[in-house]
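S.K.: Structure supplied as run06.pdb; contents: PDB, C-alpha atoms.
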MODEL        1
ATOM      1  CA  MET X   1       0.000   0.000   0.000
ATOM      2  CA  VAL X   2       1.006   3.594  -0.566
ATOM      3  CA  ILE X   3       0.232   6.168   2.118
ATOM      4  CA  LEU X   4      -1.248   9.303   0.569
ATOM      5  CA  VAL X   5      -0.387  12.632   2.183
ATOM      6  CA  ASP X   6      -2.312  15.798   1.387
ATOM      7  CA  THR X   7      -0.279  18.539  -0.297
ATOM      8  CA  ARG X   8      -1.351  21.001   2.424
ATOM      9  CA  GLU X   9       0.074  18.859   5.255
ATOM     10  CA  ALA X  10       2.826  21.092   6.663
ATOM     11  CA  LYS X  11       4.687  18.478   8.757
ATOM     12  CA  PRO X  12       4.006  15.013   7.311
ATOM     13  CA  LEU X  13       4.210  12.103   9.704
ATOM     14  CA  PRO X  14       7.311   9.864   9.571
ATOM     15  CA  PHE X  15       6.067   6.698   7.842
ATOM     16  CA  ARG X  16       8.490   3.796   7.561
ATOM     17  CA  ILE X  17       8.745   2.106   4.182
ATOM     18  CA  GLU X  18       8.507  -1.457   5.436
ATOM     19  CA  GLY X  19       5.994  -4.271   5.743
ATOM     20  CA  ASN X  20       2.796  -3.285   3.957
ATOM     21  CA  VAL X  21       3.976   0.275   3.280
ATOM     22  CA  GLU X  22       5.536   0.418  -0.191
ATOM     23  CA  GLY X  23       5.787   4.180  -0.327
ATOM     24  CA  VAL X  24       4.434   7.607   0.554
ATOM     25  CA  GLU X  25       2.960   9.923  -2.074
ATOM     26  CA  THR X  26       1.979  13.566  -1.717
ATOM     27  CA  ILE X  27      -1.243  14.430  -3.576
ATOM     28  CA  LYS X  28      -4.229  16.731  -3.099
ATOM     29  CA  LEU X  29      -6.882  15.000  -1.017
ATOM     30  CA  ASP X  30     -10.477  16.270  -1.001
ATOM     31  CA  VAL X  31     -10.796  15.619   2.742
ATOM     32  CA  GLY X  32      -8.323  14.763   5.457
ATOM     33  CA  ASP X  33      -4.542  14.671   5.580
ATOM     34  CA  TYR X  34      -3.834  10.950   5.057
ATOM     35  CA  GLY X  35      -5.342   8.237   2.891
ATOM     36  CA  VAL X  36      -4.167   5.061   1.209
ATOM     37  CA  ARG X  37      -3.975   3.431  -2.197
ATOM     38  CA  TYR X  38      -3.621  -0.328  -2.475
ATOM     39  CA  ARG X  39      -1.650  -2.207  -5.132
ATOM     40  CA  ASP X  40      -4.701  -2.617  -7.354
ATOM     41  CA  GLY X  41      -5.302   1.148  -7.314
ATOM     42  CA  VAL X  42      -8.250   1.028  -4.907
ATOM     43  CA  ARG X  43      -8.535   3.967  -2.521
ATOM     44  CA  PRO X  44     -10.955   3.163   0.306
ATOM     45  CA  PRO X  45     -13.217   6.031   1.425
ATOM     46  CA  ALA X  46     -11.400   6.554   4.738
ATOM     47  CA  TYR X  47      -9.092   9.436   5.616
ATOM     48  CA  PHE X  48      -7.321  10.725   8.697
ATOM     49  CA  GLU X  49      -7.356  14.384   9.713
ATOM     50  CA  ARG X  50      -4.268  15.041  11.876
ATOM     51  CA  LYS X  51      -4.292  17.747  14.518
ATOM     52  CA  ALA X  52      -1.582  18.872  16.894
ATOM     53  CA  ILE X  53      -2.997  20.435  20.069
ATOM     54  CA  GLY X  54      -2.582  24.007  18.779
ATOM     55  CA  ASP X  55      -4.163  23.070  15.424
ATOM     56  CA  LEU X  56      -7.034  21.441  17.281
ATOM     57  CA  TRP X  57      -7.778  24.646  19.176
ATOM     58  CA  GLY X  58      -7.618  26.714  15.994
ATOM     59  CA  THR X  59      -9.904  24.314  14.127
ATOM     60  CA  MET X  60     -12.438  24.030  16.925
ATOM     61  CA  THR X  61     -12.628  27.766  17.617
ATOM     62  CA  GLN X  62     -11.942  30.223  14.758
ATOM     63  CA  GLY X  63     -11.882  27.482  12.096
ATOM     64  CA  TYR X  64     -15.001  25.677  13.308
ATOM     65  CA  PRO X  65     -17.378  26.736  10.495
ATOM     66  CA  ARG X  66     -14.902  25.455   7.868
ATOM     67  CA  TRP X  67     -14.359  22.229   9.848
ATOM     68  CA  LYS X  68     -18.121  21.580  10.044
ATOM     69  CA  ARG X  69     -18.349  22.038   6.260
ATOM     70  CA  GLU X  70     -15.562  19.481   5.800
ATOM     71  CA  LEU X  71     -17.331  17.008   8.105
ATOM     72  CA  LYS X  72     -20.612  17.440   6.199
ATOM     73  CA  ARG X  73     -18.819  17.091   2.850
ATOM     74  CA  ALA X  74     -17.220  13.842   4.020
ATOM     75  CA  GLN X  75     -20.575  12.521   5.283
ATOM     76  CA  GLU X  76     -22.333  13.381   2.020
ATOM     77  CA  ALA X  77     -19.569  11.673   0.023
ATOM     78  CA  GLY X  78     -19.810   8.506   2.144
ATOM     79  CA  VAL X  79     -16.275   9.025   3.429
ATOM     80  CA  THR X  80     -15.119   7.977   6.878
ATOM     81  CA  LEU X  81     -13.074  10.815   8.319
ATOM     82  CA  ILE X  82     -11.042   9.968  11.419
ATOM     83  CA  LEU X  83      -9.686  12.714  13.643
ATOM     84  CA  ILE X  84      -6.274  11.770  15.013
ATOM     85  CA  ILE X  85      -4.953  14.094  17.709
ATOM     86  CA  GLU X  86      -1.297  14.508  18.614
ATOM     87  CA  GLY X  87      -1.924  14.372  22.343
ATOM     88  CA  SER X  88      -3.898  12.496  24.958
ATOM     89  CA  LEU X  89      -7.390  13.216  26.227
ATOM     90  CA  THR X  90      -5.679  14.472  29.389
ATOM     91  CA  ASP X  91      -3.632  16.900  27.260
ATOM     92  CA  VAL X  92      -6.833  18.215  25.676
ATOM     93  CA  GLY X  93      -8.544  18.510  29.056
ATOM     94  CA  SER X  94      -5.610  20.548  30.346
ATOM     95  CA  GLY X  95      -6.280  23.202  27.718
ATOM     96  CA  TRP X  96      -3.917  25.061  25.439
ATOM     97  CA  ILE X  97      -1.809  27.836  26.933
ATOM     98  CA  HIS X  98      -2.339  30.166  23.945
ATOM     99  CA  SER X  99      -6.139  30.108  24.142
ATOM    100  CA  GLY X 100      -8.772  31.198  26.592
ATOM    101  CA  PHE X 101     -11.033  28.350  25.396
ATOM    102  CA  PRO X 102     -11.002  25.913  28.340
ATOM    103  CA  GLY X 103      -9.867  22.293  28.010
ATOM    104  CA  PRO X 104     -13.041  20.752  29.479
ATOM    105  CA  SER X 105     -15.103  22.726  26.938
ATOM    106  CA  MET X 106     -12.870  21.380  24.166
ATOM    107  CA  GLU X 107     -13.461  17.836  25.410
ATOM    108  CA  GLN X 108     -17.222  18.414  25.313
ATOM    109  CA  LYS X 109     -17.014  19.860  21.813
ATOM    110  CA  LEU X 110     -14.951  16.902  20.572
ATOM    111  CA  PHE X 111     -17.352  14.329  21.975
ATOM    112  CA  THR X 112     -20.357  16.220  20.610
ATOM    113  CA  ILE X 113     -18.956  16.223  17.065
ATOM    114  CA  GLN X 114     -17.965  12.571  17.514
ATOM    115  CA  VAL X 115     -21.619  11.704  18.150
ATOM    116  CA  ARG X 116     -23.172  14.204  15.719
ATOM    117  CA  TYR X 117     -20.966  13.320  12.735
ATOM    118  CA  SER X 118     -20.021   9.702  13.605
ATOM    119  CA  LEU X 119     -16.445  10.956  13.725
ATOM    120  CA  PRO X 120     -13.971   8.499  15.211
ATOM    121  CA  ILE X 121     -11.410  10.298  17.385
ATOM    122  CA  VAL X 122      -7.994   8.835  18.170
ATOM    123  CA  PHE X 123      -5.631  10.277  20.774
ATOM    124  CA  SER X 124      -1.924   9.592  20.205
ATOM    125  CA  ASN X 125       1.080  10.142  22.428
ATOM    126  CA  ASN X 126       3.377  11.308  19.626
ATOM    127  CA  ARG X 127       3.904  11.500  15.856
ATOM    128  CA  LEU X 128       5.465   8.026  15.607
ATOM    129  CA  GLU X 129       2.431   6.514  17.302
ATOM    130  CA  MET X 130       0.144   8.459  14.939
ATOM    131  CA  ALA X 131       1.976   7.084  11.890
ATOM    132  CA  ARG X 132       1.835   3.565  13.309
ATOM    133  CA  TYR X 133      -1.898   3.862  14.032
ATOM    134  CA  ILE X 134      -2.617   5.023  10.478
ATOM    135  CA  VAL X 135      -0.568   2.173   8.977
ATOM    136  CA  GLU X 136      -2.227  -0.447  11.191
ATOM    137  CA  TYR X 137      -5.703   0.905  10.427
ATOM    138  CA  PHE X 138      -5.160   0.871   6.662
ATOM    139  CA  SER X 139      -3.523  -2.573   6.890
ATOM    140  CA  ALA X 140      -6.683  -3.894   8.584
ATOM    141  CA  VAL X 141      -8.895  -2.235   5.947
ATOM    142  CA  GLY X 142      -6.740  -3.877   3.280
ATOM    143  CA  ARG X 143      -7.066  -7.324   4.876
ATOM    144  CA  GLU X 144     -10.847  -6.979   4.962
ATOM    145  CA  TYR X 145     -10.880  -5.755   1.360
ATOM    146  CA  VAL X 146      -8.869  -8.805   0.213
ATOM    147  CA  ALA X 147     -11.172 -11.146   2.160
ATOM    148  CA  MET X 148     -14.247  -9.572   0.504
ATOM    149  CA  LYS X 149     -12.692  -9.925  -2.949
ATOM    150  CA  LYS X 150     -12.020 -13.622  -2.289
ATOM    151  CA  LEU X 151     -15.644 -14.155  -1.242
ATOM    152  CA  GLU X 152     -16.886 -12.336  -4.345
ATOM    153  CA  ALA X 153     -14.594 -14.403  -6.564
ATOM    154  CA  ARG X 154     -15.897 -17.646  -5.041
ATOM    155  CA  GLY X 155     -19.462 -16.503  -5.639
ATOM    156  CA  ALA X 156     -18.690 -15.612  -9.250
ATOM    157  CA  THR X 157     -17.246 -19.060  -9.937
ATOM    158  CA  GLY X 158     -20.251 -20.842  -8.454
ATOM    159  CA  GLN X 159     -18.457 -22.126  -5.365
ATOM    160  CA  ALA X 160     -20.757 -20.272  -3.017
ATOM    161  CA  SER X 161     -24.016 -21.910  -2.008
ATOM    162  CA  SER X 162     -27.002 -20.881  -4.112
ATOM    163  CA  HIS X 163     -30.649 -20.720  -3.176
ATOM    164  CA  SER X 164     -33.247 -22.594  -5.257
TER     165      SER X 164
ENDMDL
END
As structure tokens, please, write out the structure in this file.

M.R.:
Amino acid sequence: MVILVDTREAKPLPFRIEGNVEGVETIKLDVGDYGVRYRDGVRPPAYFERKAIGDLWGTMTQGYPRWKRELKRAQEAGVTLILIIEGSLTDVGSGWIHSGFPGPSMEQKLFTIQVRYSLPIVFSNNRLEMARYIVEYFSAVGREYVAMKKLEARGATGQASSHS
């Protein structure tokens, strides 16, 4: 698989080219910061939006109207957008020193959008862990995709049970 990185991602995560990861490619993504393309060219409709703590505060305060539009656009397109935060829930709850918006209010806002937009949220300790999480997630999606293709192929060749 090739990890896709959005052209607007200022500090791309450090992905290792090993195992399932054959490369990293920078392209313009319609939503999110990270996606994947498998060997057969398939790009599953799942993307990660990465946020450092400061970015998170900017997005959830001044940038909130734009962020809500992106969430709605992803929903309408049938895309799973996953918010991956460079910090723990405790870090978020502690607030951000450069903002008067309190940490507990940020936690509430995050959990509200998680419920409202079916937005998975992942908290990561550091950038290496974020990269690893993304690789493991897309590896699992790829395994499921291959399993589905095998089932479809069996059905197409008549090996699956048929109903009379």

S.K.: For this file, the PyMOL selection byres ((chain X and resi 142-148) around 10) selects which residues, as a ChimeraX atom specification?

M.R.: /X:1,20,36-39,42-44,136-141,149-154

S.K.: One number please: CA of Ser99 (chain X) to CA of Leu83 (chain X), in Å, one decimal.

M.R.: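 Computing it gives 20.6 Å between the two atoms.
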
S.K.: Between X:Arg8, X:Trp57, X:Arg132, X:Ile27, which residue has the minimum interatomic distance to Met106 (chain X), considering all atoms listed in the file?

M.R.: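 Looking only at the distances to Met106 (chain X), the closest residue turns out to be X:Trp57.
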
S.K.: Quick one: what's the axis-aligned box for region 43-60 of chain X, all listed atoms, 4 Å on every side, centre and edges in Å to one decimal, as lines of an AutoDock Vina configuration file?

M.R.:
center_x = -7.4
center_y = 14.9
center_z = 8.8
size_x = 19.6
size_y = 31.6
size_z = 30.6

S.K.: Figure out the distance between CA of Arg66 (chain X) and CA of Ile134 (chain X), please, to one decimal in Å.

M.R.: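 Atom-to-atom, CA of Ile134 (chain X) to CA of Arg66 (chain X), that is 24.0 Å.
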
S.K.: Which is closest to Thr80 (chain X) among X:Trp96, X:Tyr34, X:Glu107, X:Lys51, if we use only C-alpha atoms?

M.R.: X:Tyr34

S.K.: Quick one: apply the PyMOL selection byres ((chain X and resi 119) around 9) to the file and drop the selected residues here as a tab-separated table (two decimals) with C-alpha atoms, in the coordinates of the input.

M.R.:
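Below you can see part.tsv, which holds the result:
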chain	number	residue	atom	x	y	z
X	71	LEU	CA	-17.33	17.01	8.10
X	80	THR	CA	-15.12	7.98	6.88
X	81	LEU	CA	-13.07	10.82	8.32
X	82	ILE	CA	-11.04	9.97	11.42
X	83	LEU	CA	-9.69	12.71	13.64
X	111	PHE	CA	-17.35	14.33	21.98
X	113	ILE	CA	-18.96	16.22	17.07
X	114	GLN	CA	-17.96	12.57	17.51
X	115	VAL	CA	-21.62	11.70	18.15
X	116	ARG	CA	-23.17	14.20	15.72
X	117	TYR	CA	-20.97	13.32	12.74
X	118	SER	CA	-20.02	9.70	13.60
X	120	PRO	CA	-13.97	8.50	15.21
X	121	ILE	CA	-11.41	10.30	17.39

S.K.: Using all atoms listed in the file, find the one residue out of X:Leu110, X:Leu29, X:Ala131, X:Val5 that sits nearest to Thr61 (chain X).

M.R.: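 For Thr61 (chain X), the nearest of the given residues is X:Leu110.
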
S.K.: Which one of X:Val2, X:Thr90, X:Gly32, X:Ala10 sits closest to Arg73 (chain X) if you count only C-alpha atoms?

M.R.: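 Using only C-alpha atoms, Arg73 (chain X) sits closest to X:Gly32.
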
S.K.: Which residue out of X:Gly41, X:Gly19, X:Pro14, X:Gly58 has the minimum interatomic distance to Gly100 (chain X) when all atoms listed in the file are used?

M.R.: X:Gly58

S.K.: When distances are computed from only C-alpha atoms, which of X:Pro45, X:Pro12, X:Gly23, X:Pro65 shows the smallest separation from Gly78 (chain X)?

M.R.: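 Closest candidate: X:Pro45.
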
S.K.: Please, what distance in Å, to one decimal, runs between CA of Lys109 (chain X) and CA of Phe123 (chain X)?

M.R.: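 Going from CA of Lys109 (chain X) over to CA of Phe123 (chain X) covers 14.9 Å.
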
S.K.: Place a sphere of radius 6 Å on (-12.5, 18.3, 2.6) in the file coordinates and name every protein, DNA or RNA residue with an atom inside or on its surface, counting all atoms listed in the file; give the answer as a PyMOL selection string.

M.R.: chain X and resi 30-31+70

S.K.: Can you list what the PyMOL selection byres ((chain X and resi 85) around 8) grabs from this structure, as a ChimeraX atom specification?

M.R.: /X:50-53,56,83-84,86-88,121-124

S.K.: Can you list, as number ranges by chain, every protein, DNA or RNA residue that comes within 6 Å of Asp33 (chain X) when you count all atoms listed in the file, leaving out same-chain residues fewer than 2 positions away?

M.R.: X: 5-6, 48-49
